[in-house]
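Data block for run28.cif (mmCIF, C-alpha atoms):
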```
data_target
#
loop_
_atom_site.label_atom_id
_atom_site.label_comp_id
_atom_site.auth_asym_id
_atom_site.auth_seq_id
_atom_site.Cartn_x
_atom_site.Cartn_y
_atom_site.Cartn_z
CA MET Z 91 5.46 -17.77 -27.26
CA ALA Z 92 2.84 -17.49 -24.56
CA THR Z 93 2.86 -14.34 -22.51
CA ILE Z 94 1.24 -13.29 -19.27
CA HIS Z 95 -0.23 -9.89 -18.55
CA VAL Z 96 1.47 -8.08 -15.69
CA ASP Z 97 0.12 -5.11 -13.76
CA ILE Z 98 2.16 -3.50 -11.03
CA VAL Z 99 0.31 -0.76 -9.20
CA SER Z 100 0.81 1.34 -6.12
CA THR Z 101 -1.87 3.49 -4.51
CA GLU Z 102 -0.41 6.63 -5.97
CA GLU Z 103 0.39 5.46 -9.50
CA SER Z 104 0.54 2.58 -11.95
CA LEU Z 105 4.15 1.32 -12.10
CA TYR Z 106 4.03 -1.19 -14.91
CA SER Z 107 1.44 -2.66 -17.23
CA GLY Z 108 2.12 -4.97 -20.14
CA GLU Z 109 2.78 -8.46 -21.47
CA ALA Z 110 5.70 -10.46 -20.12
CA LYS Z 111 7.42 -13.81 -20.55
CA CYS Z 112 7.75 -14.28 -16.84
CA VAL Z 113 7.80 -12.42 -13.54
CA PHE Z 114 9.89 -12.88 -10.42
CA ALA Z 115 8.64 -11.52 -7.13
CA PRO Z 116 9.88 -11.67 -3.51
CA ALA Z 117 7.01 -13.63 -1.93
CA SER Z 118 6.89 -14.09 1.80
CA ARG Z 119 8.38 -17.58 1.62
CA GLY Z 120 11.11 -16.84 -0.86
CA GLU Z 121 11.28 -15.59 -4.41
CA ILE Z 122 8.76 -17.04 -6.85
CA GLY Z 123 8.89 -17.12 -10.61
CA VAL Z 124 5.59 -16.91 -12.46
CA TYR Z 125 5.25 -18.17 -16.03
CA PRO Z 126 2.10 -18.07 -18.18
CA ARG Z 127 -0.65 -20.49 -17.05
CA HIS Z 128 0.58 -20.54 -13.50
CA THR Z 129 -1.99 -21.78 -11.01
CA ALA Z 130 -3.92 -19.22 -8.94
CA LEU Z 131 -1.85 -17.88 -6.10
CA LEU Z 132 -2.23 -15.20 -3.48
CA SER Z 133 0.71 -14.14 -1.40
CA THR Z 134 2.13 -11.28 0.58
CA LEU Z 135 5.40 -9.79 -0.61
CA LYS Z 136 8.55 -8.92 1.25
CA PRO Z 137 10.44 -5.75 0.41
CA GLY Z 138 12.58 -6.47 -2.61
CA GLU Z 139 12.89 -6.44 -6.33
CA VAL Z 140 10.24 -7.47 -8.86
CA ARG Z 141 11.72 -8.49 -12.20
CA VAL Z 142 9.60 -8.58 -15.31
CA GLU Z 143 11.09 -10.39 -18.32
CA THR Z 144 9.68 -9.17 -21.59
CA GLU Z 145 10.55 -9.70 -25.26
CA GLN Z 146 12.47 -6.43 -25.18
CA GLY Z 147 14.47 -7.18 -22.06
CA GLU Z 148 14.17 -7.08 -18.34
CA GLU Z 149 12.49 -4.48 -16.15
CA SER Z 150 13.25 -4.20 -12.49
CA ILE Z 151 10.97 -2.49 -9.99
CA TYR Z 152 11.53 -2.15 -6.28
CA VAL Z 153 8.58 -2.83 -3.98
CA SER Z 154 8.53 -2.19 -0.25
CA GLY Z 155 6.14 -5.05 0.40
CA GLY Z 156 2.66 -5.70 -0.85
CA ILE Z 157 0.55 -8.44 -2.37
CA ILE Z 158 0.75 -10.59 -5.47
CA GLU Z 159 -2.24 -12.20 -7.09
CA VAL Z 160 -1.66 -14.74 -9.83
CA GLN Z 161 -4.32 -15.91 -12.22
CA PRO Z 162 -3.42 -18.15 -15.22
CA GLU Z 163 -3.37 -15.19 -17.64
CA VAL Z 164 -2.84 -12.22 -15.33
CA VAL Z 165 -0.45 -11.26 -12.57
CA THR Z 166 -1.30 -8.29 -10.39
CA ILE Z 167 1.18 -6.87 -7.92
CA PHE Z 168 0.05 -4.34 -5.35
CA SER Z 169 3.02 -2.40 -4.11
CA ASP Z 170 2.85 -0.74 -0.72
CA THR Z 171 3.63 2.93 -0.50
CA ALA Z 172 3.36 3.00 3.25
CA ILE Z 173 5.82 1.48 5.63
CA ARG Z 174 4.01 -1.04 7.72
CA ALA Z 175 4.90 -2.42 11.05
CA HIS Z 176 2.58 -3.58 13.77
CA ASP Z 177 3.79 -1.20 16.47
CA LEU Z 178 3.89 1.72 14.04
CA ASP Z 179 0.24 1.12 13.13
CA GLU Z 180 -0.66 0.92 16.81
CA ALA Z 181 0.96 4.27 17.46
CA ARG Z 182 -0.86 5.83 14.52
CA ALA Z 183 -4.19 4.42 15.68
CA LEU Z 184 -3.59 5.78 19.16
CA GLU Z 185 -2.91 9.24 17.73
CA ALA Z 186 -6.16 9.19 15.75
CA LYS Z 187 -8.09 8.22 18.87
CA GLN Z 188 -6.46 10.96 20.90
CA ARG Z 189 -7.41 13.53 18.28
CA ALA Z 190 -11.02 12.33 18.51
CA GLU Z 191 -11.01 12.67 22.29
CA GLU Z 192 -9.52 16.14 22.07
CA ALA Z 193 -12.13 17.20 19.55
CA MET Z 194 -14.94 15.90 21.74
CA ALA Z 195 -13.54 17.41 24.94
CA ASN Z 196 -12.54 20.82 23.56
CA ALA Z 197 -15.80 22.48 22.92
CA THR Z 198 -14.33 25.72 21.66
CA GLY Z 199 -14.30 25.25 17.93
CA ASP Z 200 -15.32 28.03 15.56
CA GLN Z 201 -18.91 26.92 15.57
CA GLU Z 202 -19.21 27.04 19.35
CA ILE Z 203 -17.76 30.52 19.47
CA GLY Z 204 -20.39 31.65 16.97
CA ALA Z 205 -23.20 29.93 18.86
CA THR Z 206 -22.03 31.28 22.21
CA GLN Z 207 -21.78 34.79 20.83
CA ALA Z 208 -25.33 34.55 19.50
CA ALA Z 209 -26.55 33.31 22.88
CA LEU Z 210 -24.69 36.14 24.61
CA ALA Z 211 -26.22 38.75 22.31
CA GLU Z 212 -29.65 37.34 23.02
CA ALA Z 213 -29.09 37.45 26.78
CA MET Z 214 -27.85 41.04 26.53
CA ALA Z 215 -30.96 42.05 24.60
CA GLN Z 216 -33.15 40.41 27.22
CA LEU Z 217 -31.32 42.23 30.00
CA GLN Z 218 -31.74 45.55 28.24
CA MET Z 219 -35.44 44.85 27.77
CA ILE Z 220 -35.83 43.98 31.44
CA SER Z 221 -34.04 47.12 32.61
CA LYS Z 222 -36.16 49.25 30.24
CA MET Z 223 -39.37 47.76 31.57
CA ARG Z 224 -38.20 48.27 35.14
CA GLY Z 225 -37.43 51.91 34.38
CA LYS Z 226 -40.96 52.37 33.04
CA LYS Z 227 -42.48 50.76 36.07
CA ILE Z 228 -40.54 52.98 38.40
CA LYS Z 229 -41.58 56.03 36.41
CA GLY Z 230 -45.21 54.92 36.22
CA MET I 214 -30.17 58.49 -1.06
CA ALA I 215 -26.58 57.70 -0.18
CA SER I 216 -24.09 60.39 -0.97
CA GLY I 217 -21.57 60.04 -3.79
CA LYS I 218 -18.64 59.36 -1.52
CA GLU I 219 -20.40 56.55 0.36
CA ILE I 220 -21.29 54.78 -2.86
CA ARG I 221 -17.74 55.16 -4.14
CA THR I 222 -16.30 53.45 -1.02
CA GLN I 223 -18.86 50.69 -1.34
CA ILE I 224 -17.91 50.12 -4.97
CA SER I 225 -14.24 49.98 -4.21
CA SER I 226 -14.73 47.52 -1.35
CA ILE I 227 -16.82 45.24 -3.58
CA LYS I 228 -14.13 45.45 -6.23
CA ASN I 229 -11.54 44.35 -3.68
CA THR I 230 -13.67 41.37 -2.70
CA GLN I 231 -14.09 40.57 -6.37
CA LYS I 232 -10.33 40.52 -6.81
CA ILE I 233 -9.99 38.02 -3.97
CA THR I 234 -12.74 35.73 -5.22
CA SER I 235 -11.40 35.75 -8.75
CA ALA I 236 -7.90 34.93 -7.48
CA MET I 237 -9.36 32.08 -5.43
CA GLU I 238 -11.20 30.87 -8.50
CA MET I 239 -7.98 30.70 -10.49
CA VAL I 240 -6.08 28.97 -7.69
CA ALA I 241 -8.87 26.41 -7.31
CA ALA I 242 -8.91 25.82 -11.07
CA SER I 243 -5.22 24.99 -11.17
CA LYS I 244 -5.43 22.84 -8.04
CA MET I 245 -8.43 21.05 -9.46
CA LYS I 246 -6.42 19.88 -12.44
CA LYS I 247 -3.75 18.41 -10.17
CA ALA I 248 -6.32 16.86 -7.85
CA GLN I 249 -8.02 15.24 -10.84
CA ASP I 250 -4.71 13.82 -12.03
CA ARG I 251 -4.09 12.34 -8.61
CA MET I 252 -7.56 10.89 -8.58
CA MET I 253 -6.90 9.24 -11.95
CA ALA I 254 -3.48 7.99 -10.81
CA SER I 255 -4.92 6.18 -7.81
CA ARG I 256 -7.72 4.56 -9.79
CA PRO I 257 -5.75 1.62 -11.26
CA TYR I 258 -4.89 0.37 -7.78
CA SER I 259 -8.44 0.42 -6.48
CA GLU I 260 -9.83 -1.05 -9.70
CA LYS I 261 -7.29 -3.88 -9.76
CA ILE I 262 -7.74 -4.68 -6.10
CA ALA I 263 -11.52 -4.70 -6.55
CA ARG I 264 -11.03 -7.22 -9.34
CA VAL I 265 -8.96 -9.46 -7.10
CA ILE I 266 -11.61 -9.23 -4.39
CA SER I 267 -14.26 -10.34 -6.84
CA HIS I 268 -12.05 -13.25 -7.92
CA LEU I 269 -11.77 -14.11 -4.27
CA THR I 270 -15.52 -14.47 -3.81
CA TYR I 271 -15.41 -17.26 -6.39
CA ALA I 272 -12.48 -19.06 -4.82
CA HIS I 273 -13.63 -22.03 -2.79
CA SER I 274 -11.50 -21.26 0.19
CA GLU I 275 -11.89 -23.21 3.42
CA PHE I 276 -11.05 -20.10 5.35
CA LYS I 277 -13.68 -17.35 5.36
CA HIS I 278 -12.44 -13.98 6.47
CA SER I 279 -14.67 -12.08 8.88
CA TYR I 280 -14.70 -9.03 6.58
CA MET I 281 -16.55 -11.03 3.96
CA GLN I 282 -19.20 -12.57 6.16
CA ASP I 283 -22.59 -11.04 6.67
CA VAL I 284 -23.67 -10.53 10.24
CA GLU I 285 -27.17 -11.44 11.33
CA LYS I 286 -27.89 -8.58 13.64
CA THR I 287 -26.56 -5.06 13.38
CA GLU I 288 -26.49 -3.04 16.58
CA ARG I 289 -23.91 -0.45 15.74
CA VAL I 290 -22.30 0.72 12.54
CA GLY I 291 -19.18 2.73 11.83
CA MET I 292 -19.10 5.59 9.35
CA ILE I 293 -16.02 7.25 7.95
CA VAL I 294 -16.99 10.75 6.84
CA ILE I 295 -14.57 12.45 4.48
CA SER I 296 -14.84 16.23 4.24
CA SER I 297 -12.60 19.12 3.34
CA ASP I 298 -10.37 21.03 5.75
CA ARG I 299 -11.35 24.43 4.41
CA GLY I 300 -14.61 26.15 3.67
CA LEU I 301 -15.71 28.46 0.85
CA CYS I 302 -16.51 25.57 -1.42
CA GLY I 303 -20.23 25.97 -1.93
CA GLY I 304 -22.60 23.41 -0.51
CA LEU I 305 -20.16 20.55 -0.85
CA ASN I 306 -19.73 19.68 2.83
CA THR I 307 -23.24 20.70 3.88
CA ASN I 308 -24.84 18.38 1.35
CA LEU I 309 -22.67 15.53 2.51
CA PHE I 310 -23.41 16.13 6.20
CA ARG I 311 -27.12 16.40 5.53
CA LYS I 312 -27.01 13.02 3.86
CA VAL I 313 -25.11 11.54 6.80
CA LEU I 314 -27.57 12.98 9.32
CA LYS I 315 -30.49 11.55 7.38
CA GLU I 316 -28.89 8.13 7.25
CA VAL I 317 -28.06 8.33 10.95
CA SER I 318 -31.65 9.16 11.89
CA ASP I 319 -32.91 6.32 9.65
CA LEU I 320 -30.55 3.94 11.40
CA LYS I 321 -31.57 5.23 14.83
CA ALA I 322 -35.19 4.55 13.94
CA GLN I 323 -34.17 0.93 13.42
CA GLY I 324 -32.37 0.92 16.75
CA VAL I 325 -28.92 0.98 15.25
CA GLU I 326 -26.28 3.21 16.78
CA VAL I 327 -23.58 5.01 14.84
CA GLU I 328 -19.91 5.57 15.53
CA LEU I 329 -18.13 8.18 13.46
CA CYS I 330 -14.69 8.64 12.13
CA THR I 331 -14.17 12.11 10.71
CA ILE I 332 -11.59 13.08 8.15
CA GLY I 333 -11.20 16.81 7.55
CA LYS I 334 -11.76 19.78 9.86
CA LYS I 335 -15.23 20.55 8.60
CA ALA I 336 -16.64 17.13 9.46
CA THR I 337 -14.92 17.16 12.84
CA SER I 338 -16.33 20.50 13.93
CA PHE I 339 -19.77 19.70 12.48
CA PHE I 340 -20.25 16.34 14.15
CA LYS I 341 -18.67 17.36 17.45
CA ASN I 342 -21.98 18.88 18.50
CA SER I 343 -24.25 16.31 16.93
CA GLY I 344 -24.20 14.03 19.97
CA LEU I 345 -22.71 11.22 17.89
CA LYS I 346 -19.70 9.36 19.12
CA ILE I 347 -16.52 10.23 17.26
CA VAL I 348 -13.92 7.54 17.70
CA SER I 349 -11.18 8.83 15.47
CA VAL I 350 -10.22 12.07 13.79
CA LEU I 351 -7.87 13.00 11.00
CA THR I 352 -7.33 16.61 9.89
CA ASP I 353 -4.82 18.83 8.11
CA LEU I 354 -4.13 16.49 5.23
CA GLY I 355 -3.54 19.26 2.74
CA ASP I 356 -3.98 18.93 -1.00
CA THR I 357 -1.64 15.98 -1.38
CA PRO I 358 -2.62 13.40 1.20
CA HIS I 359 -0.26 10.51 1.81
CA PHE I 360 -1.38 6.99 2.21
CA ASN I 361 0.59 6.74 5.46
CA ASP I 362 -1.53 9.40 7.13
CA LEU I 363 -4.68 7.37 6.71
CA LEU I 364 -3.53 4.13 8.26
CA GLY I 365 -4.02 5.02 11.93
CA THR I 366 -7.55 6.27 11.43
CA ILE I 367 -8.53 3.24 9.44
CA LYS I 368 -6.99 0.90 11.98
CA VAL I 369 -9.17 2.35 14.72
CA MET I 370 -12.28 1.46 12.74
CA LEU I 371 -11.02 -1.99 11.76
CA ASP I 372 -10.06 -2.76 15.36
CA SER I 373 -13.49 -1.67 16.41
CA TYR I 374 -14.94 -4.16 13.93
CA ASP I 375 -12.60 -6.94 15.04
CA GLU I 376 -13.59 -6.41 18.65
CA GLY I 377 -17.25 -6.64 17.70
CA ASN I 378 -18.14 -3.04 18.55
CA ILE I 379 -19.46 -2.36 15.08
CA GLN I 380 -21.01 -4.79 12.64
CA LYS I 381 -20.82 -2.70 9.50
CA LEU I 382 -18.50 -0.05 8.18
CA PHE I 383 -19.34 2.65 5.66
CA VAL I 384 -17.37 5.39 4.02
CA VAL I 385 -19.09 8.61 2.98
CA HIS I 386 -17.56 11.05 0.55
CA ASN I 387 -18.30 13.13 -2.52
CA VAL I 388 -17.93 11.38 -5.86
CA PHE I 389 -16.52 13.43 -8.69
CA VAL I 390 -19.04 13.16 -11.52
CA ASN I 391 -17.75 16.14 -13.46
CA THR I 392 -16.64 19.68 -12.71
CA MET I 393 -20.19 20.89 -12.19
CA THR I 394 -21.54 17.90 -10.28
CA GLN I 395 -20.38 16.23 -7.10
CA LYS I 396 -22.46 13.51 -5.57
CA PRO I 397 -22.41 12.60 -1.86
CA THR I 398 -22.13 8.82 -1.74
CA PHE I 399 -22.28 5.99 0.78
CA ASN I 400 -20.09 2.96 0.27
CA GLN I 401 -20.26 -0.16 2.36
CA LEU I 402 -16.77 -1.40 3.21
CA ILE I 403 -17.53 -4.28 5.55
CA PRO I 404 -19.07 -6.78 4.93
CA MET I 405 -17.67 -6.55 1.45
CA LYS I 406 -19.77 -6.60 -1.62
CA ALA I 407 -17.98 -7.86 -4.70
CA GLU I 408 -18.89 -7.54 -8.33
CA GLU I 409 -19.67 -10.61 -10.40
CA VAL I 410 -17.14 -12.01 -12.83
CA ASP I 411 -17.86 -14.50 -15.60
CA GLY I 412 -15.90 -17.67 -16.19
CA LEU I 413 -14.70 -18.27 -12.68
CA ASP I 414 -17.51 -20.46 -11.37
CA HIS I 415 -15.64 -23.77 -11.65
CA HIS I 416 -14.12 -25.25 -8.51
CA TRP I 417 -10.79 -23.69 -7.74
CA ASP I 418 -8.85 -22.02 -4.98
CA TYR I 419 -5.72 -20.00 -4.55
CA ILE I 420 -2.46 -21.26 -3.19
CA TYR I 421 -1.97 -19.00 -0.20
CA GLU I 422 1.39 -17.90 1.14
CA PRO I 423 2.23 -17.78 4.02
CA ASP I 424 -1.30 -19.02 4.83
CA ALA I 425 -4.87 -18.20 3.91
CA GLU I 426 -5.55 -16.02 6.92
CA ASP I 427 -2.47 -13.83 6.62
CA ALA I 428 -2.70 -13.41 2.88
CA LEU I 429 -6.41 -12.63 3.01
CA SER I 430 -6.19 -10.14 5.85
CA ALA I 431 -3.33 -8.36 4.13
CA LEU I 432 -5.35 -8.15 0.94
CA LEU I 433 -8.65 -7.11 2.52
CA VAL I 434 -7.07 -4.45 4.71
CA ARG I 435 -5.35 -3.01 1.65
CA TYR I 436 -8.62 -3.07 -0.23
CA ILE I 437 -10.38 -1.08 2.47
CA GLU I 438 -7.50 1.36 2.68
CA ALA I 439 -7.48 1.75 -1.08
CA LEU I 440 -11.20 2.55 -1.12
CA ILE I 441 -10.81 5.15 1.60
CA TYR I 442 -7.76 6.70 -0.04
CA GLN I 443 -9.63 6.81 -3.33
CA GLY I 444 -12.52 8.49 -1.53
CA LEU I 445 -10.18 11.04 -0.05
CA VAL I 446 -8.47 12.06 -3.28
CA GLU I 447 -11.82 12.14 -5.02
CA ASN I 448 -13.21 14.38 -2.31
CA ILE I 449 -10.28 16.76 -2.78
CA ALA I 450 -10.98 16.98 -6.50
CA CYS I 451 -14.62 17.70 -5.63
CA GLU I 452 -13.58 20.36 -3.13
CA GLN I 453 -11.45 22.21 -5.66
CA SER I 454 -14.01 22.11 -8.45
CA SER I 455 -16.79 23.09 -6.08
CA ARG I 456 -14.72 26.01 -4.78
CA MET I 457 -13.91 27.08 -8.31
CA ILE I 458 -17.58 27.25 -9.19
CA ALA I 459 -18.57 28.96 -5.93
CA MET I 460 -15.87 31.59 -6.45
CA LYS I 461 -16.81 32.09 -10.07
CA SER I 462 -20.40 32.86 -9.16
CA ALA I 463 -19.21 35.13 -6.33
CA THR I 464 -17.05 37.04 -8.80
CA ASP I 465 -19.95 37.34 -11.24
CA ASN I 466 -22.29 38.54 -8.51
CA ALA I 467 -19.77 41.13 -7.36
CA GLY I 468 -19.52 42.38 -10.95
CA GLU I 469 -23.27 42.82 -11.11
CA MET I 470 -23.37 44.65 -7.79
CA VAL I 471 -20.66 47.02 -8.98
CA LYS I 472 -22.66 47.74 -12.14
CA GLU I 473 -25.82 48.54 -10.19
CA LEU I 474 -23.96 50.71 -7.72
CA GLU I 475 -22.26 52.64 -10.52
CA LEU I 476 -25.69 53.39 -11.96
CA VAL I 477 -26.89 54.66 -8.59
CA TYR I 478 -23.71 56.71 -8.23
CA ASN I 479 -24.14 58.34 -11.64
CA LYS I 480 -27.76 59.17 -10.92
CA ALA I 481 -26.79 60.78 -7.63
CA ARG I 482 -24.04 62.75 -9.34
CA GLN I 483 -26.43 63.94 -12.06
CA ALA I 484 -29.04 64.95 -9.49
CA ALA I 485 -26.44 66.95 -7.61
CA ILE I 486 -25.34 68.77 -10.80
CA THR I 487 -28.92 69.48 -11.83
CA GLN I 488 -29.65 70.90 -8.42
CA GLU I 489 -26.57 73.08 -8.53
CA ILE I 490 -27.49 74.45 -11.97
CA SER I 491 -31.05 75.21 -10.92
CA GLU I 492 -29.72 76.99 -7.84
CA ILE I 493 -27.37 79.12 -9.98
CA VAL I 494 -30.15 79.88 -12.46
CA GLY I 495 -32.50 80.72 -9.62
CA GLY I 496 -29.85 82.97 -8.07
CA ALA I 497 -29.17 84.75 -11.41
CA ALA I 498 -32.92 85.37 -11.94
CA ALA I 499 -33.20 86.92 -8.51
CA VAL I 500 -30.44 89.44 -9.24
#
```

How does this structure look as structure tokens?
Amino acid sequence: MATIHVDIVSTEESLYSGEAKCVFAPASRGEIGVYPRHTALLSTLKPGEVRVETEQGEESIYVSGGIIEVQPEVVTIFSDTAIRAHDLDEARALEAKQRAEEAMANATGDQEIGATQAALAEAMAQLQMISKMRGKKIKG
Amino acid sequence: MASGKEIRTQISSIKNTQKITSAMEMVAASKMKKAQDRMMASRPYSEKIARVISHLTYAHSEFKHSYMQDVEKTERVGMIVISSDRGLCGGLNTNLFRKVLKEVSDLKAQGVEVELCTIGKKATSFFKNSGLKIVSVLTDLGDTPHFNDLLGTIKVMLDSYDEGNIQKLFVVHNVFVNTMTQKPTFNQLIPMKAEEVDGLDHHWDYIYEPDAEDALSALLVRYIEALIYQGLVENIACEQSSRMIAMKSATDNAGEMVKELELVYNKARQAAITQEISEIVGGAAAV
């Protein structure tokens, strides 16, 4: 019997890899079943269950959304680890921007403190030099 | 010559430093193992998604996504610089920043401006003073970064591309070659460059669900995120191995310093004894 190679991966680990008789996945327009020699397909996934039917039995893996790519011999499912929502992403982006503005505005990082201290020491040395030279002049 | 007591304090303070550096070495070694495992665990995702992207370049789709199209004129580019949060890891960050600065000045010579996105405290504080524009910042990720944390930062850069502010996007991070070697590397994220695959050059296209645009954007955004996440975990593995080596050489150097100082101490002690004896002998002869 023909089989199809199935890979299910998330960013943090590989969830499943092996041969299967068929795969069911929650595509965005309803569940799809993929058998060997399926035509090429690319779809987003809804949160739900991915079922992989193998010779040994059935494996069930939960995905919280993602992408499925189908090629005649290979199915690849990318499972999301992050929760995605448009407004949530917006909020996160805003935070990142704010951090950038803070970093640019607040010029008192460690490096500045070091640089300012060096400048201060230099100025002090110059002042001392000036007062020494003045003292000499007065004496002379 | 320094007195015996002074040398003894010096030796003991060096020994204390040595204890710290050797503890840091051991901590880094154990963290490095975990960081490497994480790096390996995230590889399947980025490899698989890269494969799909290269399939995609052969698909004869009517819809071309903007991330895959080359622009004619580049006026401004975005760079995502990934560094560590903490120091004491040898020249890891410095080498990376030097490479970025060189690239930036090359680009400026061509009249191209640069917008930065910094990940990690070191990059943020380094580039704050460089006069470059930082549009987004991400720090305090720790040793186990989560994918979630990255999304906001990446979105800022992608939005910037969508609005036409930048025409290219790069990610810069250290690549883990092996424990001894880390290589600062530039990767172009947009426009995408895909690898070639054999046997897909006949005329075909995907069935897209819900439609080509949505499916492609979802895929391409995930691809970019995967590359950046991969870069981040790889950089952490680099950080730990680099710190381990830096601390090992610090410990070795401290050991050598202690040896030299002990020699000096013994000489001083001997000299003192010799002097004392000759004084006693001199005194006895005088009696």

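Atom CA of I:Glu275 is found 28.2 Å from atom CA of Z:His95.
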
The PyMOL selection byres ((chain I) within 7 of (chain Z)) applied to the shown file, residues as a compact mmCIF listing (two decimals) with C-alpha atoms, in the frame of the given file:
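Contents of selection-v6.txt, as written:
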```txt
# COMPACT_ATOMS: atom_id res chain seq x y z
CA ALA I 254 -3.48 7.99 -10.81
CA SER I 255 -4.92 6.18 -7.81
CA PRO I 257 -5.75 1.62 -11.26
CA TYR I 258 -4.89 0.37 -7.78
CA SER I 338 -16.33 20.50 13.93
CA LYS I 341 -18.67 17.36 17.45
CA ILE I 347 -16.52 10.23 17.26
CA VAL I 348 -13.92 7.54 17.70
CA SER I 349 -11.18 8.83 15.47
CA VAL I 350 -10.22 12.07 13.79
CA LEU I 351 -7.87 13.00 11.00
CA PHE I 360 -1.38 6.99 2.21
CA ASN I 361 0.59 6.74 5.46
CA LEU I 364 -3.53 4.13 8.26
CA GLY I 365 -4.02 5.02 11.93
CA THR I 366 -7.55 6.27 11.43
CA LYS I 368 -6.99 0.90 11.98
CA VAL I 369 -9.17 2.35 14.72
CA ASP I 418 -8.85 -22.02 -4.98
CA TYR I 419 -5.72 -20.00 -4.55
CA ILE I 420 -2.46 -21.26 -3.19
CA TYR I 421 -1.97 -19.00 -0.20
CA GLU I 422 1.39 -17.90 1.14
CA PRO I 423 2.23 -17.78 4.02
CA ALA I 428 -2.70 -13.41 2.88
CA LEU I 432 -5.35 -8.15 0.94
CA ALA I 439 -7.48 1.75 -1.08
```

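The shortest atom-to-atom distance to Z:Gly155, with only C-alpha atoms taken into account, belongs to Z:Ala115 out of Z:Ala115, Z:Ile220, Z:Pro126, Z:Leu210.
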
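Each of Z:Val142, Z:Cys112, Z:Leu217, Z:Ile151 was compared to Z:Arg127 using all atoms listed in the file, and Z:Cys112 turns out to be the nearest.
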
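Computed from the coordinates, the atom CA of I:Leu301 to atom CA of I:Arg456 distance equals 6.2 Å.
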
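Coordinates place atom CA of I:Pro397 at a distance of 20.5 Å from atom CA of I:Gly355.
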